[in-house]
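Beneath this line is the structure, given in structure tokens, with notes to follow.
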Amino acid sequence: KTPQGIALLVKQRMPFEPLRGPAGACRTASGARGGGPALWGISLSECKALCEASGACVAAQHASTPKKRGRVDMACELILAPARVSHTLPLANTVCLLKRAEPSPPALSQQRADSLQPPPPPPPPP
């Protein structure tokens, strides 16, 4: 069953990007999974929404395995910081999506930064 509140989160989409290389499971440089337990019955869009809602989530891994009679088993795994996903382990029907970092505000030019400084204090009276 889908956790409450997911429907609202699905409507807000944080950009995700697939990791370069073959589709498959998320892996760290050491080959570790880097994620928590699998959440079963979660769609790909719900998986992304869960990752977006978590400040610690750096990637979402989703697997969908076709079963008999048109049924599909779906599982979501959130990869949490400090883990860093470096590659995928090729695995059928599985995708690893990196959560894009929110853009940082543009840097101020030195001239603009100087204009934001308070003026120097007046000199002491003679």
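Following the order of the structure tokens, chains are lettered A, B, ..., residues in each are numbered from 1, and ligands are numbered from 1.
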Proximity of segment 54-73 of chain A to segment 83-93 of chain A: per-residue shortest pair, 9 Å limit, only C-alpha atoms, as a tab-separated table:
```
residue	atom	partner	partner_atom	distance
A:Val58	CA	A:Arg84	CA	7.3
A:Ala59	CA	A:Val85	CA	7.4
A:His62	CA	A:Asn93	CA	8.3
A:Ala63	CA	A:Asn93	CA	5.6
A:Ser64	CA	A:Asn93	CA	5.5
A:Thr65	CA	A:Asn93	CA	6.4
A:Pro66	CA	A:Asn93	CA	8.7
```
Check your understanding: Within 8 Å of Glu17 of chain A, counting only C-alpha atoms, which residues qualify if same-chain residues fewer than 2 places away don't, as a ChimeraX atom specification?
Key -> /A:15,19,97-100
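One distance worth recording is that between atom CA of Leu39 of chain A and atom CA of Arg20 of chain A, which is 24.3 Å.
Interatomic distance, atom CA of Arg27 of chain A against atom CA of Ala49 of chain A: 20.6 Å.
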Residues near Ser43 of chain A, cut-off 8 Å, only C-alpha atoms, skip fewer than 6 positions along chain, as an mmCIF file with C-alpha atoms, in the first residue's frame:
```
data_model
loop_
_atom_site.group_PDB
_atom_site.id
_atom_site.type_symbol
_atom_site.label_atom_id
_atom_site.label_comp_id
_atom_site.auth_asym_id
_atom_site.auth_seq_id
_atom_site.Cartn_x
_atom_site.Cartn_y
_atom_site.Cartn_z
ATOM 1 C CA HIS A 62 13.825 1.532 -8.678
ATOM 2 C CA MET A 74 8.094 -2.809 -7.716
ATOM 3 C CA ALA A 75 10.761 -1.840 -5.208
ATOM 4 C CA CYS A 76 12.342 1.485 -4.316
#
```
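Each of A:Pro126, A:Gly34, A:Pro82, A:Pro120 was checked against Gln61 of chain A using only C-alpha atoms; the smallest atom-to-atom distance is that of A:Gly34.
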